[in-house]
>>> print(open('start_15.tsv').read())   # TSV, N, CA and C atoms
chain	number	residue	atom	x	y	z
A	12	MET	N	70.90	-68.97	3.13
A	12	MET	CA	70.95	-68.64	1.71
A	12	MET	C	72.32	-68.08	1.33
A	13	GLU	N	72.88	-67.25	2.20
A	13	GLU	CA	74.19	-66.67	1.91
A	13	GLU	C	75.26	-67.74	1.82
A	14	SER	N	75.17	-68.75	2.70
A	14	SER	CA	76.13	-69.85	2.69
A	14	SER	C	76.07	-70.61	1.37
A	15	GLU	N	74.85	-70.82	0.84
A	15	GLU	CA	74.70	-71.49	-0.45
A	15	GLU	C	75.31	-70.66	-1.57
A	16	ASN	N	75.12	-69.35	-1.52
A	16	ASN	CA	75.70	-68.46	-2.53
A	16	ASN	C	77.23	-68.50	-2.48
A	17	ASN	N	77.76	-68.53	-1.27
A	17	ASN	CA	79.22	-68.60	-1.10
A	17	ASN	C	79.76	-69.91	-1.65
A	18	GLU	N	79.08	-71.01	-1.35
A	18	GLU	CA	79.50	-72.32	-1.86
A	18	GLU	C	79.44	-72.35	-3.38
A	19	TYR	N	78.40	-71.77	-3.95
A	19	TYR	CA	78.25	-71.72	-5.41
A	19	TYR	C	79.39	-70.89	-6.01
A	20	PHE	N	79.68	-69.74	-5.41
A	20	PHE	CA	80.76	-68.89	-5.90
A	20	PHE	C	82.09	-69.62	-5.88
A	21	ILE	N	82.39	-70.28	-4.74
A	21	ILE	CA	83.66	-71.01	-4.61
A	21	ILE	C	83.73	-72.15	-5.61
A	22	ALA	N	82.64	-72.87	-5.82
A	22	ALA	CA	82.62	-73.97	-6.79
A	22	ALA	C	82.91	-73.45	-8.19
A	23	LYS	N	82.30	-72.34	-8.57
A	23	LYS	CA	82.54	-71.76	-9.90
A	23	LYS	C	83.98	-71.27	-10.01
A	24	TRP	N	84.48	-70.62	-8.97
A	24	TRP	CA	85.85	-70.10	-8.98
A	24	TRP	C	86.85	-71.23	-9.12
A	25	LYS	N	86.65	-72.31	-8.35
A	25	LYS	CA	87.55	-73.47	-8.44
A	25	LYS	C	87.53	-74.07	-9.84
A	26	SER	N	86.35	-74.15	-10.44
A	26	SER	CA	86.23	-74.71	-11.78
A	26	SER	C	87.01	-73.88	-12.80
A	27	GLN	N	86.87	-72.57	-12.73
A	27	GLN	CA	87.59	-71.70	-13.66
A	27	GLN	C	89.10	-71.76	-13.44
A	28	TYR	N	89.51	-71.78	-12.19
A	28	TYR	CA	90.93	-71.87	-11.86
A	28	TYR	C	91.52	-73.18	-12.37
A	29	LYS	N	90.78	-74.25	-12.17
A	29	LYS	CA	91.22	-75.58	-12.61
A	29	LYS	C	91.36	-75.63	-14.12
A	30	LYS	N	90.41	-75.07	-14.85
A	30	LYS	CA	90.47	-75.08	-16.31
A	30	LYS	C	91.74	-74.41	-16.80
A	31	GLY	N	92.13	-73.33	-16.18
A	31	GLY	CA	93.34	-72.63	-16.58
A	31	GLY	C	94.61	-73.40	-16.26
A	32	LEU	N	94.57	-74.19	-15.21
A	32	LEU	CA	95.76	-74.93	-14.79
A	32	LEU	C	95.98	-76.25	-15.52
A	33	LEU	N	94.91	-76.87	-15.99
A	33	LEU	CA	95.03	-78.22	-16.54
A	33	LEU	C	95.98	-78.31	-17.72
A	34	GLU	N	95.87	-77.40	-18.68
A	34	GLU	CA	96.77	-77.44	-19.83
A	34	GLU	C	98.22	-77.28	-19.38
A	35	TYR	N	98.44	-76.36	-18.47
A	35	TYR	CA	99.79	-76.13	-17.95
A	35	TYR	C	100.34	-77.40	-17.28
A	36	ILE	N	99.52	-78.03	-16.45
A	36	ILE	CA	99.96	-79.24	-15.75
A	36	ILE	C	100.24	-80.37	-16.74
A	37	ILE	N	99.39	-80.53	-17.75
A	37	ILE	CA	99.63	-81.56	-18.77
A	37	ILE	C	100.97	-81.32	-19.44
A	38	ILE	N	101.23	-80.09	-19.84
A	38	ILE	CA	102.49	-79.77	-20.51
A	38	ILE	C	103.67	-80.02	-19.57
A	39	LEU	N	103.52	-79.64	-18.30
A	39	LEU	CA	104.58	-79.91	-17.32
A	39	LEU	C	104.88	-81.40	-17.21
A	40	LEU	N	103.83	-82.20	-17.13
A	40	LEU	CA	104.02	-83.64	-17.00
A	40	LEU	C	104.66	-84.25	-18.24
A	41	LEU	N	104.30	-83.75	-19.41
A	41	LEU	CA	104.86	-84.28	-20.65
A	41	LEU	C	106.30	-83.84	-20.89
A	42	ARG	N	106.74	-82.86	-20.13
A	42	ARG	CA	108.13	-82.39	-20.26
A	42	ARG	C	109.12	-83.50	-19.97
A	43	SER	N	108.79	-84.37	-19.02
A	43	SER	CA	109.75	-85.39	-18.59
A	43	SER	C	109.71	-86.66	-19.43
A	44	ARG	N	108.52	-86.98	-19.99
A	44	ARG	CA	108.42	-88.22	-20.77
A	44	ARG	C	107.08	-88.26	-21.50
A	45	PRO	N	107.00	-89.02	-22.59
A	45	PRO	CA	105.71	-89.23	-23.23
A	45	PRO	C	104.79	-90.03	-22.30
A	46	CYS	N	103.50	-89.75	-22.36
A	46	CYS	CA	102.53	-90.42	-21.50
A	46	CYS	C	101.26	-90.70	-22.30
A	47	TYR	N	100.53	-91.71	-21.86
A	47	TYR	CA	99.20	-91.93	-22.41
A	47	TYR	C	98.19	-91.27	-21.48
A	48	GLY	N	96.97	-91.08	-21.94
A	48	GLY	CA	95.98	-90.30	-21.21
A	48	GLY	C	95.74	-90.73	-19.79
A	49	TYR	N	95.51	-92.03	-19.58
A	49	TYR	CA	95.22	-92.50	-18.23
A	49	TYR	C	96.43	-92.28	-17.30
A	50	GLU	N	97.63	-92.40	-17.86
A	50	GLU	CA	98.84	-92.16	-17.08
A	50	GLU	C	98.91	-90.71	-16.61
A	51	LEU	N	98.52	-89.78	-17.50
A	51	LEU	CA	98.47	-88.37	-17.12
A	51	LEU	C	97.46	-88.13	-16.00
A	52	ILE	N	96.30	-88.77	-16.12
A	52	ILE	CA	95.29	-88.65	-15.07
A	52	ILE	C	95.85	-89.16	-13.74
A	53	SER	N	96.50	-90.31	-13.75
A	53	SER	CA	97.09	-90.89	-12.53
A	53	SER	C	98.14	-89.96	-11.93
A	54	ASP	N	99.00	-89.40	-12.79
A	54	ASP	CA	100.03	-88.48	-12.29
A	54	ASP	C	99.39	-87.23	-11.67
A	55	MET	N	98.37	-86.70	-12.32
A	55	MET	CA	97.70	-85.52	-11.77
A	55	MET	C	97.08	-85.84	-10.43
A	56	ASN	N	96.45	-87.00	-10.32
A	56	ASN	CA	95.86	-87.39	-9.04
A	56	ASN	C	96.92	-87.59	-7.97
A	57	GLN	N	98.10	-88.06	-8.36
A	57	GLN	CA	99.19	-88.27	-7.41
A	57	GLN	C	99.79	-86.96	-6.92
A	58	PHE	N	99.98	-86.01	-7.82
A	58	PHE	CA	100.71	-84.78	-7.49
A	58	PHE	C	99.83	-83.58	-7.16
A	59	THR	N	98.54	-83.65	-7.45
A	59	THR	CA	97.66	-82.51	-7.20
A	59	THR	C	96.39	-82.96	-6.52
A	60	SER	N	95.61	-82.01	-6.07
A	60	SER	CA	94.30	-82.32	-5.51
A	60	SER	C	93.21	-82.12	-6.55
A	61	LEU	N	93.62	-81.89	-7.80
A	61	LEU	CA	92.66	-81.72	-8.88
A	61	LEU	C	92.13	-83.08	-9.32
A	62	GLU	N	90.83	-83.19	-9.42
A	62	GLU	CA	90.25	-84.42	-9.92
A	62	GLU	C	89.95	-84.20	-11.39
A	63	ILE	N	90.41	-85.11	-12.23
A	63	ILE	CA	90.20	-84.98	-13.67
A	63	ILE	C	89.70	-86.30	-14.21
A	64	ALA	N	88.78	-86.21	-15.13
A	64	ALA	CA	88.19	-87.40	-15.74
A	64	ALA	C	88.70	-87.57	-17.16
A	65	GLU	N	88.53	-88.78	-17.70
A	65	GLU	CA	88.94	-89.04	-19.07
A	65	GLU	C	88.22	-88.12	-20.04
A	66	GLY	N	86.96	-87.81	-19.75
A	66	GLY	CA	86.18	-86.92	-20.60
A	66	GLY	C	86.69	-85.50	-20.62
A	67	THR	N	87.57	-85.17	-19.70
A	67	THR	CA	88.17	-83.83	-19.65
A	67	THR	C	89.54	-83.83	-20.30
A	68	ILE	N	90.34	-84.85	-20.06
A	68	ILE	CA	91.73	-84.81	-20.50
A	68	ILE	C	91.88	-84.98	-22.02
A	69	TYR	N	91.08	-85.84	-22.61
A	69	TYR	CA	91.27	-86.10	-24.04
A	69	TYR	C	90.93	-84.89	-24.92
A	70	PRO	N	89.88	-84.14	-24.64
A	70	PRO	CA	89.68	-82.91	-25.42
A	70	PRO	C	90.83	-81.91	-25.24
A	71	LEU	N	91.39	-81.83	-24.03
A	71	LEU	CA	92.54	-80.94	-23.80
A	71	LEU	C	93.75	-81.41	-24.60
A	72	LEU	N	94.01	-82.71	-24.59
A	72	LEU	CA	95.14	-83.25	-25.36
A	72	LEU	C	94.95	-83.01	-26.86
A	73	ASN	N	93.72	-83.17	-27.34
A	73	ASN	CA	93.45	-82.91	-28.75
A	73	ASN	C	93.66	-81.45	-29.10
A	74	ARG	N	93.27	-80.54	-28.20
A	74	ARG	CA	93.49	-79.11	-28.45
A	74	ARG	C	94.98	-78.79	-28.47
A	75	LEU	N	95.73	-79.37	-27.53
A	75	LEU	CA	97.18	-79.15	-27.52
A	75	LEU	C	97.82	-79.71	-28.79
A	76	LYS	N	97.29	-80.81	-29.28
A	76	LYS	CA	97.80	-81.40	-30.52
A	76	LYS	C	97.51	-80.49	-31.71
A	77	LYS	N	96.29	-79.95	-31.78
A	77	LYS	CA	95.92	-79.03	-32.87
A	77	LYS	C	96.79	-77.77	-32.84
A	78	GLU	N	97.18	-77.34	-31.65
A	78	GLU	CA	98.03	-76.16	-31.50
A	78	GLU	C	99.49	-76.47	-31.83
A	79	GLY	N	99.81	-77.74	-32.02
A	79	GLY	CA	101.18	-78.14	-32.34
A	79	GLY	C	102.09	-78.23	-31.14
A	80	LEU	N	101.50	-78.30	-29.95
A	80	LEU	CA	102.29	-78.35	-28.73
A	80	LEU	C	102.62	-79.78	-28.30
A	81	VAL	N	101.81	-80.73	-28.76
A	81	VAL	CA	102.07	-82.14	-28.51
A	81	VAL	C	101.84	-82.94	-29.79
A	82	THR	N	102.46	-84.10	-29.85
A	82	THR	CA	102.19	-85.06	-30.92
A	82	THR	C	101.68	-86.33	-30.24
A	83	SER	N	101.14	-87.23	-31.03
A	83	SER	CA	100.70	-88.49	-30.46
A	83	SER	C	101.03	-89.63	-31.42
A	84	GLU	N	101.23	-90.79	-30.83
A	84	GLU	CA	101.43	-91.98	-31.64
A	84	GLU	C	100.97	-93.20	-30.86
A	85	TRP	N	100.47	-94.17	-31.61
A	85	TRP	CA	100.00	-95.40	-31.00
A	85	TRP	C	101.19	-96.32	-30.76
A	86	ALA	N	101.17	-97.00	-29.63
A	86	ALA	CA	102.22	-97.96	-29.29
A	86	ALA	C	101.57	-99.28	-28.90
A	87	GLU	N	102.03	-100.34	-29.53
A	87	GLU	CA	101.55	-101.68	-29.19
A	87	GLU	C	102.07	-102.07	-27.82
A	88	GLN	N	101.27	-102.83	-27.10
A	88	GLN	CA	101.66	-103.32	-25.78
A	88	GLN	C	101.87	-104.83	-25.86
A	89	GLU	N	102.74	-105.34	-25.01
A	89	GLU	CA	102.95	-106.80	-24.99
A	89	GLU	C	101.67	-107.52	-24.65
A	90	SER	N	100.88	-106.92	-23.77
A	90	SER	CA	99.57	-107.48	-23.45
A	90	SER	C	98.58	-106.33	-23.39
A	91	GLY	N	97.40	-106.59	-23.85
A	91	GLY	CA	96.37	-105.55	-23.81
A	91	GLY	C	96.29	-104.77	-25.10
A	92	ILE	N	95.53	-103.71	-25.05
A	92	ILE	CA	95.28	-102.91	-26.25
A	92	ILE	C	96.38	-101.87	-26.45
A	93	PRO	N	96.56	-101.39	-27.69
A	93	PRO	CA	97.55	-100.33	-27.93
A	93	PRO	C	97.18	-99.06	-27.16
A	94	ARG	N	98.19	-98.27	-26.86
A	94	ARG	CA	97.97	-97.00	-26.15
A	94	ARG	C	98.46	-95.85	-27.01
A	95	LYS	N	97.74	-94.74	-26.91
A	95	LYS	CA	98.16	-93.53	-27.62
A	95	LYS	C	99.01	-92.70	-26.66
A	96	TYR	N	100.28	-92.53	-27.02
A	96	TYR	CA	101.20	-91.74	-26.20
A	96	TYR	C	101.29	-90.33	-26.74
A	97	TYR	N	101.32	-89.37	-25.82
A	97	TYR	CA	101.45	-87.95	-26.17
A	97	TYR	C	102.85	-87.49	-25.77
A	98	LYS	N	103.43	-86.69	-26.65
A	98	LYS	CA	104.79	-86.20	-26.44
A	98	LYS	C	104.83	-84.70	-26.70
A	99	LEU	N	105.58	-84.00	-25.88
A	99	LEU	CA	105.74	-82.55	-26.03
A	99	LEU	C	106.61	-82.25	-27.25
A	100	THR	N	106.20	-81.29	-28.07
A	100	THR	CA	107.00	-80.88	-29.23
A	100	THR	C	107.98	-79.78	-28.82
A	101	GLU	N	108.84	-79.40	-29.74
A	101	GLU	CA	109.75	-78.27	-29.49
A	101	GLU	C	108.95	-76.99	-29.21
A	102	ASP	N	107.87	-76.78	-30.00
A	102	ASP	CA	107.01	-75.62	-29.74
A	102	ASP	C	106.38	-75.71	-28.36
A	103	GLY	N	105.97	-76.92	-27.97
A	103	GLY	CA	105.39	-77.12	-26.65
A	103	GLY	C	106.38	-76.80	-25.55
A	104	LEU	N	107.63	-77.19	-25.76
A	104	LEU	CA	108.68	-76.89	-24.78
A	104	LEU	C	108.91	-75.39	-24.67
A	105	ALA	N	108.90	-74.70	-25.81
A	105	ALA	CA	109.07	-73.24	-25.81
A	105	ALA	C	107.90	-72.56	-25.09
A	106	ILE	N	106.68	-73.03	-25.38
A	106	ILE	CA	105.50	-72.48	-24.72
A	106	ILE	C	105.57	-72.71	-23.22
A	107	LEU	N	106.06	-73.88	-22.82
A	107	LEU	CA	106.20	-74.18	-21.39
A	107	LEU	C	107.12	-73.17	-20.72
A	108	GLY	N	108.19	-72.79	-21.38
A	108	GLY	CA	109.09	-71.77	-20.82
A	108	GLY	C	108.36	-70.46	-20.57
A	109	THR	N	107.55	-70.04	-21.53
A	109	THR	CA	106.77	-68.81	-21.39
A	109	THR	C	105.75	-68.96	-20.27
A	110	MET	N	105.11	-70.12	-20.22
A	110	MET	CA	104.12	-70.36	-19.16
A	110	MET	C	104.78	-70.35	-17.78
A	111	ASN	N	105.96	-70.96	-17.67
A	111	ASN	CA	106.68	-70.98	-16.39
A	111	ASN	C	107.00	-69.57	-15.93
A	112	GLU	N	107.45	-68.72	-16.85
A	112	GLU	CA	107.74	-67.32	-16.49
A	112	GLU	C	106.49	-66.61	-15.99
A	113	TYR	N	105.38	-66.82	-16.69
A	113	TYR	CA	104.13	-66.16	-16.29
A	113	TYR	C	103.66	-66.66	-14.93
A	114	VAL	N	103.68	-67.97	-14.73
A	114	VAL	CA	103.24	-68.54	-13.45
A	114	VAL	C	104.14	-68.04	-12.32
A	115	GLY	N	105.44	-67.99	-12.56
A	115	GLY	CA	106.36	-67.48	-11.54
A	115	GLY	C	106.06	-66.04	-11.19
A	116	SER	N	105.83	-65.21	-12.20
A	116	SER	CA	105.51	-63.81	-11.99
A	116	SER	C	104.18	-63.66	-11.25
A	117	LEU	N	103.20	-64.44	-11.66
A	117	LEU	CA	101.89	-64.37	-11.02
A	117	LEU	C	101.97	-64.81	-9.56
A	118	ASN	N	102.67	-65.91	-9.30
A	118	ASN	CA	102.83	-66.37	-7.92
A	118	ASN	C	103.54	-65.34	-7.06
A	119	SER	N	104.56	-64.71	-7.63
A	119	SER	CA	105.29	-63.67	-6.90
A	119	SER	C	104.38	-62.50	-6.57
A	120	SER	N	103.56	-62.11	-7.51
A	120	SER	CA	102.63	-61.00	-7.28
A	120	SER	C	101.62	-61.33	-6.20
A	121	VAL	N	101.09	-62.54	-6.24
A	121	VAL	CA	100.12	-62.95	-5.23
A	121	VAL	C	100.79	-62.98	-3.85
A	122	GLU	N	102.01	-63.49	-3.79
A	122	GLU	CA	102.74	-63.51	-2.51
A	122	GLU	C	102.94	-62.09	-1.96
A	123	LYS	N	103.29	-61.14	-2.83
A	123	LYS	CA	103.46	-59.75	-2.40
A	123	LYS	C	102.16	-59.19	-1.83
A	124	ILE	N	101.06	-59.47	-2.52
A	124	ILE	CA	99.76	-58.99	-2.05
A	124	ILE	C	99.41	-59.62	-0.71
A	125	LEU	N	99.65	-60.92	-0.58
A	125	LEU	CA	99.37	-61.60	0.69
A	125	LEU	C	100.18	-61.00	1.83
A	126	LYS	N	101.47	-60.77	1.60
A	126	LYS	CA	102.31	-60.19	2.64
A	126	LYS	C	101.84	-58.79	3.02
A	127	LYS	N	101.50	-57.99	2.00
A	127	LYS	CA	101.07	-56.62	2.26
A	127	LYS	C	99.76	-56.62	3.05
A	128	THR	N	98.80	-57.43	2.62
A	128	THR	CA	97.51	-57.44	3.30
A	128	THR	C	97.59	-58.09	4.67
A	129	ASP	N	98.48	-59.07	4.85
A	129	ASP	CA	98.67	-59.67	6.17
A	129	ASP	C	99.21	-58.65	7.16
A	130	SER	N	100.07	-57.76	6.67
A	130	SER	CA	100.67	-56.76	7.56
A	130	SER	C	99.66	-55.68	7.94
A	131	LEU	N	98.57	-55.59	7.23
A	131	LEU	CA	97.56	-54.58	7.51
A	131	LEU	C	96.49	-55.05	8.50
A	132	LYS	N	96.55	-56.32	8.87
A	132	LYS	CA	95.53	-56.87	9.79
A	132	LYS	C	95.66	-56.28	11.17
>>> encode(input="start_15.tsv", output="structure tokens")
Amino acid sequence: MESENNEYFIAKWKSQYKKGLLEYIIILLLRSRPCYGYELISDMNQFTSLEIAEGTIYPLLNRLKKEGLVTSEWAEQESGIPRKYYKLTEDGLAILGTMNEYVGSLNSSVEKILKKTDSLK
């Protein structure tokens, strides 16, 4: 029973951690170039161990758009259906700078705690 509780706790923790990271990762990926949704999913799968579905990414992209952090526009393709490309705005780029500072500070703090607690073993 305890093992099941531990697995449940870890699953919930991973889910919450992932939710916090997804917007940041999307903004990071859009920093380099405009992307369409499936392309973002492919990049995330390539660079991270996070699994993300289309049903997850599009609501996040819409929220980022409502916040003014990204814009979108449809682009015709030589073959196939048009794609909606998302692009980081100037506000999105500024927010990314703030997010980078916070993530750097948080990572540094976690590293300090790990080093301190490792030395106490």
>>> residues_around(input="start_15.tsv", residues="Leu80 (chain A)", least_positions_apart="3", cutoff="7 Å", atoms="only N, CA and C atoms", output="JSON, numbers by chain")
{"A": [74, 75, 76, 77, 98, 99, 100, 101, 102, 103, 104]}
>>> atom_distance(input="start_15.tsv", atom1="CA of Val81 (chain A)", atom2="atom N of Asp54 (chain A)")
17.6 Å
>>> atom_distance(input="start_15.tsv", atom1="CA of Glu87 (chain A)", atom2="atom N of Cys46 (chain A)")
13.9 Å
>>> select_by_dssp(input="start_15.tsv", residues="chain A", states="strand (DSSP E)", output="JSON, numbers by chain")
{"A": [46, 47, 81, 82, 83, 84, 85, 86, 94, 95, 96, 97, 98, 99]}
>>> atom_distance(input="start_15.tsv", atom1="CA of Asn111 (chain A)", atom2="CA of Ser130 (chain A)")
28.5 Å
>>> residues_around(input="start_15.tsv", residues="region 28-33 of chain A", least_positions_apart="5", cutoff="9 Å", atoms="only C-alpha atoms", output="PyMOL selection string")
chain A and resi 23+38+61+63+68+71
>>> closest_residue(input="start_15.tsv", among="A:Glu112, A:Leu125, A:Ser120, A:Ile106", to="Glu78 (chain A)", atoms="only C-alpha atoms")
A:Ile106
>>> select_by_dssp(input="start_15.tsv", residues="chain A", states="alpha helix (DSSP H)", output="ChimeraX atom specification")
/A:13-43,48-58,65-77,101-130
>>> closest_residue(input="start_15.tsv", among="A:Glu122, A:Glu50, A:Glu18, A:Glu84", to="Ile37 (chain A)", atoms="only C-alpha atoms")
A:Glu50
>>> closest_residue(input="start_15.tsv", among="A:Glu65, A:Tyr97, A:Gly115, A:Lys126", to="Ser43 (chain A)", atoms="only C-alpha atoms")
A:Tyr97
>>> closest_residue(input="start_15.tsv", among="A:Ala105, A:Ile124, A:Leu131, A:Met55", to="Leu40 (chain A)", atoms="all atoms listed in the file")
A:Met55
